[in-house]
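run-v8.txt (compact mmCIF, C-alpha atoms) appears below.
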# COMPACT_ATOMS: atom_id res chain seq x y z
CA MET F 6 61.44 145.94 -60.43
CA GLY F 7 58.65 148.36 -61.22
CA ARG F 8 61.06 150.86 -62.71
CA ASN F 9 62.64 148.23 -64.90
CA GLU F 10 59.30 147.16 -66.22
CA THR F 11 58.38 150.66 -67.27
CA VAL F 12 61.61 150.83 -69.22
CA LEU F 13 60.93 147.40 -70.69
CA ASN F 14 57.45 148.28 -71.72
CA ALA F 15 58.51 151.60 -73.13
CA THR F 16 61.35 150.25 -75.24
CA PRO F 17 59.83 148.08 -77.96
CA SER F 18 58.28 151.08 -79.66
CA LEU F 19 61.50 153.05 -79.24
CA ALA F 20 63.47 150.07 -80.49
CA ALA F 21 61.30 149.82 -83.53
CA ARG F 22 61.94 153.45 -84.39
CA THR F 23 65.69 153.12 -83.92
CA GLY F 24 65.93 149.87 -85.80
CA ASN F 25 69.38 150.40 -87.16
CA PHE F 26 70.84 150.91 -83.68
CA PHE F 27 68.91 148.10 -82.06
CA HIS F 28 69.30 145.45 -84.70
CA ARG F 29 72.49 144.59 -82.86
CA TYR F 30 70.47 143.06 -80.06
CA ALA F 31 69.22 139.72 -81.27
CA ASN F 32 66.19 139.87 -79.07
CA PRO F 33 66.91 141.66 -75.82
CA GLY F 34 63.28 141.72 -74.78
CA ARG F 35 63.05 137.95 -74.91
CA PHE F 36 66.33 137.65 -73.04
CA LEU F 37 65.19 140.04 -70.32
CA ARG F 38 61.92 138.16 -69.83
CA LEU F 39 63.74 134.83 -69.71
CA GLY F 40 66.43 136.23 -67.41
CA ALA F 41 63.91 137.65 -64.98
CA ARG F 42 62.16 134.27 -64.81
CA LEU F 43 65.44 132.39 -64.48
CA GLN F 44 67.09 134.63 -61.87
CA PRO F 45 65.45 133.28 -58.67
CA TRP F 46 66.02 129.69 -59.86
CA LEU F 47 69.73 130.46 -60.02
CA THR F 48 70.13 132.74 -57.01
CA TRP F 49 68.35 130.67 -54.38
CA PRO F 50 69.91 127.28 -55.19
CA ALA F 51 73.27 129.10 -55.26
CA ILE F 52 72.80 130.52 -51.76
CA VAL F 53 71.32 127.35 -50.24
CA LEU F 54 73.74 124.87 -51.84
CA SER F 55 76.82 127.01 -51.21
CA ILE F 56 76.00 127.45 -47.53
CA ALA F 57 75.12 123.76 -47.17
CA GLY F 58 78.28 122.66 -48.96
CA ILE F 59 80.53 125.01 -47.00
CA VAL F 60 79.08 123.99 -43.63
CA TRP F 61 79.27 120.31 -44.61
CA GLY F 62 82.81 120.65 -45.88
CA LEU F 63 84.24 122.89 -43.17
CA PHE F 64 82.57 121.42 -40.11
CA LEU F 65 81.01 118.00 -40.77
CA SER F 66 83.32 116.22 -43.21
CA PRO F 67 86.29 114.25 -41.89
CA ALA F 68 89.82 115.61 -41.76
CA ASP F 69 92.36 114.07 -44.13
CA TRP F 70 94.66 111.43 -42.65
CA GLN F 71 97.84 113.30 -43.58
CA GLN F 72 96.73 116.87 -44.32
CA GLY F 73 94.48 117.16 -41.28
CA ASP F 74 92.09 120.11 -41.31
CA SER F 75 94.05 121.94 -44.02
CA VAL F 76 92.29 119.72 -46.55
CA ARG F 77 89.13 121.79 -46.02
CA ILE F 78 90.55 124.54 -48.25
CA MET F 79 89.74 122.08 -51.01
CA TYR F 80 86.00 122.79 -50.69
CA VAL F 81 86.61 126.33 -51.96
CA HIS F 82 89.73 125.82 -54.05
CA VAL F 83 88.55 122.98 -56.28
CA PRO F 84 85.13 124.48 -57.24
CA ALA F 85 86.87 127.82 -57.92
CA ALA F 86 89.41 126.07 -60.14
CA TRP F 87 86.74 124.22 -62.09
CA LEU F 88 84.72 127.40 -62.51
CA ALA F 89 87.78 129.36 -63.63
CA SER F 90 88.29 126.90 -66.50
CA SER F 91 84.64 126.41 -67.39
CA GLY F 92 84.05 130.18 -67.20
CA TYR F 93 86.80 130.67 -69.74
CA MET F 94 85.25 127.93 -71.85
CA GLY F 95 82.05 129.99 -71.81
CA LEU F 96 84.05 133.07 -72.79
CA ALA F 97 85.60 131.19 -75.71
CA VAL F 98 82.16 130.02 -76.91
CA CYS F 99 80.90 133.63 -76.72
CA SER F 100 83.96 134.72 -78.69
CA LEU F 101 83.22 132.18 -81.40
CA LEU F 102 79.56 133.25 -81.57
CA SER F 103 80.70 136.85 -81.77
CA LEU F 104 83.33 136.36 -84.46
CA VAL F 105 81.38 134.07 -86.74
CA TRP F 106 77.72 134.89 -86.20
CA ARG F 107 78.13 138.43 -84.83
CA HIS F 108 75.72 137.50 -82.08
CA PRO F 109 75.09 140.64 -80.03
CA LEU F 110 74.15 138.86 -76.82
CA ALA F 111 77.40 136.89 -76.98
CA ASP F 112 79.31 140.18 -77.02
CA LEU F 113 77.53 141.40 -73.92
CA ALA F 114 78.00 138.01 -72.23
CA ALA F 115 81.74 138.14 -72.99
CA VAL F 116 81.94 141.58 -71.38
CA GLU F 117 80.22 140.26 -68.26
CA ILE F 118 81.97 136.87 -67.95
CA GLY F 119 85.40 138.52 -67.77
CA PRO F 120 85.29 140.07 -64.27
CA VAL F 121 83.39 137.11 -62.76
CA GLY F 122 85.83 134.61 -64.25
CA ALA F 123 88.83 136.66 -63.18
CA SER F 124 87.46 136.75 -59.64
CA VAL F 125 87.04 132.98 -59.34
CA THR F 126 90.50 132.50 -60.86
CA ALA F 127 91.90 134.88 -58.24
CA ILE F 128 90.06 132.90 -55.52
CA CYS F 129 91.52 129.69 -56.95
CA LEU F 130 95.07 131.10 -56.94
CA ALA F 131 94.76 132.66 -53.47
CA THR F 132 93.28 129.57 -51.81
CA GLY F 133 95.81 127.38 -53.60
CA SER F 134 98.60 129.52 -52.23
CA LEU F 135 97.15 129.37 -48.71
CA TRP F 136 96.92 125.60 -49.08
CA GLY F 137 100.39 125.23 -50.53
CA LYS F 138 102.23 126.94 -47.70
CA PRO F 139 101.28 124.54 -44.88
CA MET F 140 101.23 121.39 -47.04
CA TRP F 141 103.95 121.72 -49.67
CA GLY F 142 106.02 124.20 -47.72
CA THR F 143 105.79 127.01 -50.27
CA TRP F 144 103.31 129.71 -51.30
CA TRP F 145 104.12 129.40 -54.97
CA VAL F 146 106.20 127.35 -57.38
CA TRP F 147 106.52 127.71 -61.14
CA ASP F 148 105.25 124.27 -61.99
CA ALA F 149 103.12 123.67 -65.08
CA ARG F 150 99.74 123.57 -63.30
CA LEU F 151 100.22 126.72 -61.25
CA THR F 152 101.79 128.66 -64.11
CA SER F 153 99.08 127.73 -66.61
CA VAL F 154 96.37 128.87 -64.18
CA LEU F 155 98.24 132.14 -63.64
CA VAL F 156 98.27 132.54 -67.44
CA LEU F 157 94.50 131.97 -67.40
CA PHE F 158 94.17 134.79 -64.85
CA PHE F 159 96.18 137.13 -67.09
CA LEU F 160 94.06 136.09 -70.09
CA TYR F 161 90.96 137.12 -68.16
CA LEU F 162 92.56 140.45 -67.19
CA GLY F 163 93.66 141.06 -70.78
CA HIS F 164 90.17 140.30 -72.03
CA ILE F 165 88.60 142.65 -69.48
CA ALA F 166 90.93 145.47 -70.51
CA LEU F 167 90.71 144.86 -74.27
CA ILE F 168 86.93 144.61 -74.56
CA ARG F 169 86.59 148.01 -72.85
CA ALA F 170 89.52 149.68 -74.59
CA PHE F 171 87.74 151.09 -77.65
CA ASP F 172 85.41 154.04 -77.98
CA GLU F 173 83.43 152.06 -80.47
CA PRO F 174 82.26 148.91 -78.62
CA GLN F 175 82.11 146.75 -81.76
CA ARG F 176 85.86 147.01 -82.31
CA GLY F 177 86.48 146.01 -78.70
CA TYR F 178 84.17 143.01 -79.08
CA ARG F 179 86.03 141.79 -82.18
CA ALA F 180 89.50 142.25 -80.70
CA ALA F 181 88.55 140.66 -77.39
CA ALA F 182 86.85 137.75 -79.14
CA ILE F 183 90.11 136.94 -80.94
CA LEU F 184 91.96 137.03 -77.61
CA GLY F 185 89.23 134.94 -75.97
CA LEU F 186 89.43 132.24 -78.64
CA ALA F 187 93.21 132.18 -78.82
CA GLY F 188 93.43 131.92 -75.04
CA ALA F 189 91.33 128.75 -75.13
CA VAL F 190 94.51 126.79 -75.93
CA ASP F 191 95.41 127.31 -72.26
CA LEU F 192 92.45 125.17 -71.12
CA PRO F 193 93.77 121.76 -72.24
CA ILE F 194 97.19 122.78 -70.93
CA ILE F 195 95.70 123.43 -67.48
CA LYS F 196 93.73 120.20 -67.56
CA PHE F 197 96.55 117.93 -68.69
CA SER F 198 99.52 119.75 -67.14
CA VAL F 199 99.56 117.33 -64.21
CA GLN F 200 99.66 114.35 -66.58
CA TRP F 201 102.01 115.58 -69.28
CA TRP F 202 104.70 116.89 -66.98
CA ASN F 203 105.71 116.12 -63.44
CA THR F 204 104.50 118.91 -61.20
CA LEU F 205 104.37 119.74 -57.52
CA HIS F 206 100.60 119.89 -57.85
CA GLN F 207 99.03 116.45 -57.47
CA PRO F 208 97.05 114.88 -60.34
CA ASP F 209 93.26 115.19 -60.44
CA SER F 210 91.36 113.18 -57.85
CA ILE F 211 88.13 113.30 -59.80
CA THR F 212 88.24 112.38 -63.47
CA LEU F 213 85.77 111.19 -66.06
CA THR F 214 87.71 108.02 -66.73
CA ALA F 215 88.42 106.65 -63.26
CA ALA F 216 86.77 106.34 -59.88
CA PRO F 217 87.51 109.31 -57.60
CA THR F 218 90.45 108.75 -55.25
CA MET F 219 88.58 110.39 -52.46
CA SER F 220 86.47 109.20 -49.60
CA THR F 221 82.75 109.63 -50.34
CA ASN F 222 82.15 111.72 -47.21
CA MET F 223 84.59 114.27 -48.64
CA LEU F 224 83.37 113.88 -52.21
CA TRP F 225 79.74 114.77 -51.46
CA PRO F 226 80.34 118.13 -49.77
CA LEU F 227 82.78 118.94 -52.58
CA LEU F 228 80.14 118.21 -55.20
CA VAL F 229 77.51 120.23 -53.30
CA CYS F 230 79.94 123.17 -53.09
CA THR F 231 80.70 122.84 -56.79
CA VAL F 232 77.04 122.84 -57.81
CA GLY F 233 76.32 125.75 -55.43
CA PHE F 234 79.24 127.84 -56.69
CA THR F 235 78.30 127.07 -60.29
CA PHE F 236 74.75 128.29 -59.68
CA GLY F 237 76.30 131.37 -58.02
CA PHE F 238 78.47 132.02 -61.06
CA ALA F 239 75.43 131.69 -63.35
CA ALA F 240 73.28 133.88 -61.08
CA ILE F 241 75.87 136.68 -61.01
CA LEU F 242 76.37 136.37 -64.76
CA VAL F 243 72.65 136.54 -65.59
CA ALA F 244 72.16 139.47 -63.20
CA ARG F 245 75.08 141.35 -64.79
CA LEU F 246 73.86 140.54 -68.28
CA ARG F 247 70.32 141.75 -67.53
CA ALA F 248 71.73 144.93 -66.05
CA ALA F 249 73.91 145.42 -69.14
CA VAL F 250 70.97 144.94 -71.52
CA MET F 251 68.80 147.30 -69.50
CA GLU F 252 71.60 149.84 -69.33
CA SER F 253 72.09 149.86 -73.07
CA ARG F 254 68.32 150.23 -73.55
CA VAL F 255 68.19 153.15 -71.16
CA ARG F 256 71.13 154.76 -72.91
CA THR F 257 69.43 154.38 -76.26
CA ALA F 258 66.17 155.71 -74.91
CA LEU F 259 67.96 158.72 -73.47
CA ALA F 260 69.86 159.33 -76.68
CA MET F 261 66.58 159.12 -78.59
CA ARG F 262 64.82 161.61 -76.40
CA ARG F 263 67.75 163.97 -76.44
CA GLY F 264 67.84 163.68 -80.22
CA ARG F 265 64.15 164.38 -80.51
CA ALA F 266 64.38 167.26 -78.05
CA GLU F 267 67.15 168.82 -80.11
CA ALA F 268 65.26 168.27 -83.33
CA GLN F 269 62.00 169.75 -82.14
CA ASP F 270 63.73 172.18 -79.80
CA SER F 271 60.46 172.74 -78.00
CA GLU F 272 60.13 169.48 -76.11
CA PRO F 273 61.43 169.66 -72.51
CA ASP F 274 64.28 167.38 -71.47
CA LEU F 275 62.74 164.15 -70.22
CA SER F 276 65.95 162.30 -69.49
CA GLY F 277 65.59 162.96 -65.78
CA ALA F 278 62.29 161.14 -65.72
CA VAL F 279 63.81 157.87 -66.89
CA ALA F 280 67.12 158.03 -65.09
CA MET I 5 80.08 130.28 -99.49
CA THR I 6 78.34 132.73 -97.21
CA ARG I 7 80.26 135.25 -95.15
CA LYS I 8 79.36 133.38 -91.98
CA SER I 9 80.74 130.06 -93.16
CA ARG I 10 83.84 131.81 -94.51
CA ARG I 11 84.40 133.37 -91.11
CA LEU I 12 83.83 129.97 -89.45
CA TRP I 13 86.46 128.31 -91.65
CA LEU I 14 88.86 131.18 -91.04
CA VAL I 15 88.43 131.01 -87.27
CA GLY I 16 88.68 127.21 -87.30
CA GLY I 17 91.83 127.33 -89.41
CA CYS I 18 93.43 129.91 -87.15
CA LEU I 19 92.61 127.84 -84.07
CA ILE I 20 94.05 124.66 -85.59
CA GLY I 21 97.21 126.56 -86.55
CA LEU I 22 97.53 128.13 -83.12
CA GLY I 23 96.87 124.82 -81.39
CA THR I 24 99.50 123.05 -83.48
CA ALA I 25 102.03 125.81 -82.83
CA THR I 26 101.38 125.62 -79.10
CA ALA I 27 101.61 121.83 -79.06
CA LEU I 28 104.92 121.91 -80.94
CA THR I 29 106.32 124.60 -78.64
CA LEU I 30 105.28 122.74 -75.52
CA SER I 31 106.69 119.43 -76.71
CA ALA I 32 109.94 121.15 -77.71
CA PHE I 33 110.29 122.72 -74.28
CA SER I 34 108.94 119.68 -72.47
CA SER I 35 112.17 119.01 -70.62
CA ASN I 36 112.16 122.59 -69.28
CA ILE I 37 108.53 122.44 -68.20
CA VAL I 38 108.96 119.44 -65.93
CA PHE I 39 109.15 120.65 -62.37
CA PHE I 40 111.69 118.10 -61.14
CA MET I 41 114.12 115.42 -62.28
CA ALA I 42 113.83 111.84 -61.07
CA PRO I 43 116.88 110.15 -59.45
CA SER I 44 117.36 107.90 -62.50
CA GLN I 45 117.41 110.98 -64.75
CA VAL I 46 119.95 112.63 -62.47
CA HIS I 47 122.16 109.55 -62.75
CA ALA I 48 121.70 109.23 -66.51
CA HIS I 49 122.41 112.91 -67.22
CA PRO I 50 124.30 114.32 -64.23
CA PRO I 51 123.86 118.10 -64.12
CA ALA I 52 126.83 120.43 -63.65
CA ALA I 53 127.98 120.58 -60.04
CA ASP I 54 126.99 124.20 -59.47
CA ARG I 55 123.65 124.01 -61.27
CA THR I 56 120.54 124.19 -59.13
CA ILE I 57 118.08 121.45 -59.97
CA ARG I 58 114.93 120.06 -58.45
CA LEU I 59 115.05 116.42 -57.51
CA GLY I 60 111.74 114.62 -57.02
CA GLY I 61 110.86 111.19 -55.75
CA MET I 62 109.70 109.13 -52.82
CA VAL I 63 111.49 109.13 -49.47
CA VAL I 64 112.84 105.60 -48.97
CA ALA I 65 111.44 103.95 -45.82
CA GLY I 66 114.09 103.58 -43.14
CA SER I 67 116.56 105.96 -44.80
CA VAL I 68 115.76 109.10 -42.78
CA ARG I 69 118.49 110.20 -40.33
CA GLN I 70 117.83 113.31 -38.31
CA GLN I 71 120.12 115.10 -35.86
CA LYS I 72 120.62 118.57 -34.50
CA ASN I 73 123.44 120.89 -35.41
CA GLY I 74 123.04 123.52 -32.71
CA ASP I 75 119.51 124.76 -33.29
CA THR I 76 119.09 123.71 -36.91
CA PRO I 77 117.92 120.20 -37.62
CA VAL I 78 120.10 118.33 -40.09
CA SER I 79 118.55 115.51 -42.03
CA GLN I 80 119.62 112.95 -44.54
CA PHE I 81 117.37 110.70 -46.54
CA ASP I 82 117.24 108.75 -49.80
CA VAL I 83 114.89 109.75 -52.60
CA THR I 84 113.90 107.11 -55.12
CA ASP I 85 111.84 106.81 -58.29
CA GLY I 86 111.78 103.03 -58.08
CA GLN I 87 114.80 102.56 -60.32
CA ASP I 88 117.46 104.62 -58.64
CA ALA I 89 118.03 106.50 -55.42
CA VAL I 90 119.89 109.67 -54.48
CA THR I 91 120.93 110.61 -50.95
CA VAL I 92 119.78 114.09 -49.97
CA HIS I 93 121.39 116.25 -47.26
CA TYR I 94 119.31 119.07 -45.91
CA GLU I 95 119.77 121.58 -43.14
CA GLY I 96 116.54 123.15 -41.97
CA ILE I 97 112.98 122.43 -40.98
CA LEU I 98 111.22 119.83 -43.09
CA PRO I 99 107.59 120.46 -44.11
CA ASP I 100 104.83 118.90 -41.97
CA LEU I 101 103.91 116.38 -44.62
CA PHE I 102 107.46 115.01 -44.83
CA ARG I 103 107.53 111.34 -43.90
CA GLU I 104 108.88 108.04 -45.14
CA GLY I 105 107.06 107.05 -48.32
CA GLN I 106 106.05 110.64 -49.08
CA SER I 107 106.87 112.23 -52.42
CA VAL I 108 109.16 115.21 -52.00
CA VAL I 109 110.87 117.74 -54.23
CA ALA I 110 114.33 118.83 -53.08
CA ILE I 111 115.86 121.98 -54.55
CA GLY I 112 119.65 122.07 -54.60
CA SER I 113 122.65 120.72 -56.46
CA VAL I 114 124.49 117.44 -56.93
CA LEU I 115 127.76 117.12 -55.02
CA ALA I 116 130.92 115.53 -56.35
CA ASP I 117 130.20 112.23 -54.56
CA GLY I 118 126.83 111.90 -56.26
CA SER I 119 124.76 112.91 -53.23
CA PHE I 120 122.49 115.92 -53.24
CA ARG I 121 122.64 119.04 -51.06
CA ALA I 122 119.20 120.61 -50.78
CA SER I 123 118.55 124.21 -49.88
CA GLU I 124 114.80 123.62 -49.75
CA VAL I 125 112.57 120.56 -49.43
CA LEU I 126 108.93 120.62 -50.54
CA ALA I 127 106.44 117.88 -49.73
CA LYS I 128 104.22 116.64 -52.54
CA HIS I 129 101.02 114.96 -51.47
CA ASP I 130 99.16 112.65 -53.80
CA GLU I 131 95.59 112.90 -55.05
CA THR I 132 94.18 110.51 -52.45
CA TYR I 133 91.99 112.07 -49.77
CA MET I 134 91.17 109.73 -46.93
CA PRO I 135 89.69 110.28 -43.46
CA LYS I 136 91.99 109.58 -40.53
CA GLU I 137 89.88 106.64 -39.33
CA VAL I 138 90.05 104.91 -42.71
CA ALA I 139 93.81 105.32 -42.89
CA GLU I 140 94.11 104.02 -39.34
CA ALA I 141 91.89 101.00 -40.09
CA LEU I 142 93.78 100.19 -43.31
CA ARG I 143 97.06 100.38 -41.44
CA ARG I 144 95.79 98.21 -38.60
CA SER I 145 94.52 95.60 -41.03
CA GLY I 146 97.98 95.43 -42.57
CA LYS I 147 96.53 96.07 -46.02
CA TRP I 148 98.41 99.30 -46.49
CA ASP I 149 101.54 100.84 -45.05
CA PRO I 150 101.95 104.48 -46.09
CA ARG I 151 105.73 104.08 -45.92
CA TYR I 152 105.72 101.65 -48.83
CA GLY I 153 103.36 103.02 -51.41
CA LYS I 154 100.16 104.64 -52.49
CA ALA I 155 96.86 104.04 -50.78
CA PRO I 156 94.59 101.39 -52.33
CA ASP I 157 91.58 102.38 -54.46
CA ALA I 158 88.96 104.42 -52.66
CA ALA I 159 86.29 101.97 -53.82
CA SER I 160 87.96 99.18 -51.86
CA TRP I 161 88.27 101.07 -48.54
CA ASN I 162 84.87 100.01 -47.27
CA SER I 163 85.36 96.29 -47.73
CA MET I 164 88.97 96.42 -46.56
CA THR I 165 88.25 98.27 -43.34
CA LYS I 166 85.18 96.13 -42.71
CA SER I 167 87.22 92.96 -42.87
CA ALA I 168 89.80 94.65 -40.66
CA THR I 169 87.32 95.21 -37.88
CA SER I 170 85.85 91.71 -38.13
CA GLN I 171 89.15 89.86 -38.35
CA ASP I 172 90.69 92.37 -35.99
CA LYS I 173 94.45 92.03 -36.00
CA ALA I 174 95.70 90.28 -39.07
CA ALA I 175 99.44 89.86 -39.30
CA PRO I 176 100.91 93.12 -40.63
CA GLN I 177 102.36 92.67 -44.05
CA HIS I 178 104.39 95.15 -46.01
CA GLY I 179 104.03 95.06 -49.71
CA SER I 180 103.31 96.84 -52.94
Could the structure of this file be written out as structure tokens, please?
Amino acid sequence: MGRNETVLNATPSLAARTGNFFHRYANPGRFLRLGARLQPWLTWPAIVLSIAGIVWGLFLSPADWQQGDSVRIMYVHVPAAWLASSGYMGLAVCSLLSLVWRHPLADLAAVEIGPVGASVTAICLATGSLWGKPMWGTWWVWDARLTSVLVLFFLYLGHIALIRAFDEPQRGYRAAAILGLAGAVDLPIIKFSVQWWNTLHQPDSITLTAAPTMSTNMLWPLLVCTVGFTFGFAAILVARLRAAVMESRVRTALAMRRGRAEAQDSEPDLSGAVA
Amino acid sequence: MTRKSRRLWLVGGCLIGLGTATALTLSAFSSNIVFFMAPSQVHAHPPAADRTIRLGGMVVAGSVRQQKNGDTPVSQFDVTDGQDAVTVHYEGILPDLFREGQSVVAIGSVLADGSFRASEVLAKHDETYMPKEVAEALRRSGKWDPRYGKAPDAASWNSMTKSATSQDKAAPQHGS
């Protein structure tokens, strides 16, 4: 922490002198201060709620009358599925902010959401497959729900690749933002696939319009898991975003010093002191 | 119009166009996206004899016949969507969740006599999650028989199982 603070404290003056490079960052200092304050309030609830929800779901909740203990995969699968979709929703919002308002923090957030979202989507697909084999009798079928979630996974992978594909980051941000927004059409397809078409996947048990078709002593651990995993997603995202902002500041600071050293030609190389 | 609002309109327009295109494509291919055909659809539009289709529906209570052909189990059961039923022949091990009243998807083709030979049978469970004890109590009370239909609303389980334990054995009734 101490090292970070020295960098933080050193940067505003540097940032002021390199205005035309730094104007891209809306207000990274404010974000870093907010992020540092927010971080423990995300990390600790994430750890506590996830452990509580997992223990409750895996050991204390009842087994399903027909699925038996296999139903416990739900406590990981369903939160992962919700997070996969809502993570992409976040990515699409960042894309919109990036395309229309050229918001620099949205670009960085889009870079960082990609790998986290792809991971939860992979968890969703893997646990779904593990659940499908004993219950449905198959690891995978090409029904509308499963296929649309696989498409979501590929959208994440495409976004991850595209946003890092350009030497000039700005071009990557623009291209990836277009992909991120266009891919958002997959979200309603995922959500409504089980209603619009007949699928092997069952319809949603928990909806906004109807009472959940689930016993409350299964519903509660599922909700605790969901809240815990969501905090975990946010904690990882904020940590990655803070690291990204700090990294870009350090890079700029190093570039500055190198530039000054070359210009004056007498100043010793200080880059080692910061890195 | 500022550059920001122009960009906003452009992005919005593109999204509306893309959304419409996707919606049209999906509705055009709707019949290919469905995972299975219902028995009434199979009867209304019989597929070619050699074409592999997926037939989905509920296993009719009392229609399951199982025997052994050497080591492989051979089973026969009717699948219904409430309007029509198709008899399915299947050689192999049925999934654990297979039972009377369960939704299944059978993959195979329609034979000349209108019955269905499946090469694979998948079980499809519904969106109801219920502890064993609740299911047992509902069954004992005669309020629900899993062979004849979906479980009642989760909100009603408490009152239904409570009355089951107080009244104890009500006469079992099959309905809905």
Distance in Å - atom CA of Pro226 of chain F versus atom CA of Leu54 of chain F:
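Separating atom CA of Pro226 of chain F from atom CA of Leu54 of chain F is a distance of 9.7 Å.
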May I ask you to extract the residues of chain I within 7 Å of chain F, using all atoms listed in the file, and to give them as a VMD selection string?
chain I and resid 8 11 to 12 19 23 37 to 40 99 to 101 126 to 136 139 157 to 158
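With distances restricted to only C-alpha atoms, F:Thr48 is the closest residue to Ala239 of chain F from F:Thr152, F:Asn32, F:Thr48, F:Gln200.
Note that atom CA of Arg35 of chain F and atom CA of Ser253 of chain F are 15.1 Å apart.
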Length of the atom CA of Pro51 of chain I to atom CA of Ser67 of chain I vector [Å]
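Atom-to-atom, atom CA of Pro51 of chain I and atom CA of Ser67 of chain I are spaced 24.0 Å apart.
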If we count all atoms listed in the file, what is near Asp85 of chain I at a cut-off of 9 Å, once residues fewer than 3 positions away on the same chain are taken out, given as a list in words?
Ala42, Pro43, Ser44, Gly60, Gly61, Met62, Asp88 and Ala89 of chain I
Which residues are close to Thr84 of chain I, i.e. within 12 Å by only C-alpha atoms, leaving aside same-chain residues fewer than 5 positions away? Reply as a list of chain:residue names.
I:Met41, I:Ala42, I:Pro43, I:Ser44, I:Gln45, I:Val46, I:His47, I:Leu59, I:Gly60, I:Gly61, I:Met62, I:Val63, I:Val64, I:Ala65, I:Ser67, I:Ala89, I:Val90, I:Thr91, I:Val92, I:Glu104, I:Gly105, I:Gln106, I:Ser107, I:Val108, I:Val109, I:Ala110, I:Tyr152, I:Gly153
Return the padded bounding box of segment 60-79 of chain I as JSON: axis-aligned, built from all atoms listed in the file, 6 Å added on each side, with centre and edge lengths in Å to one decimal.
{"center_x": 116.6, "center_y": 114.2, "center_z": -44.9, "size_x": 25.7, "size_y": 33.2, "size_z": 36.3}
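Near segment 112-118 of chain I, within 8 Å and counting only C-alpha atoms, sit Pro50, Pro51, Ala52, Ala53, Asp54, Arg55, Thr56, Ile57, Arg58, Leu59, Val90 and Glu124 of chain I, not including residues fewer than 6 positions from it in the same chain.
Comparing F:Pro50, F:Pro109, F:Gly58, F:Pro84 by their smallest distance to Arg179 of chain F, the closest is F:Pro109 (using only C-alpha atoms).
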Taking only C-alpha atoms into account, name the residue in I:Ser163, I:Phe81, I:Ser9, I:Val15 that is nearest to Leu184 of chain F.
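The closest residue to Leu184 of chain F is I:Val15.
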Quick one: of I:Ile20, I:Glu140, I:Pro150, I:Gln80, who's nearest to Met164 of chain I, counting only C-alpha atoms?
I:Glu140
Please determine, counting all atoms listed in the file, which residue among I:Gly96, I:Ala48, I:Arg103, I:Ser123 has the shortest atom-to-atom distance to Asp82 of chain I.
I:Arg103
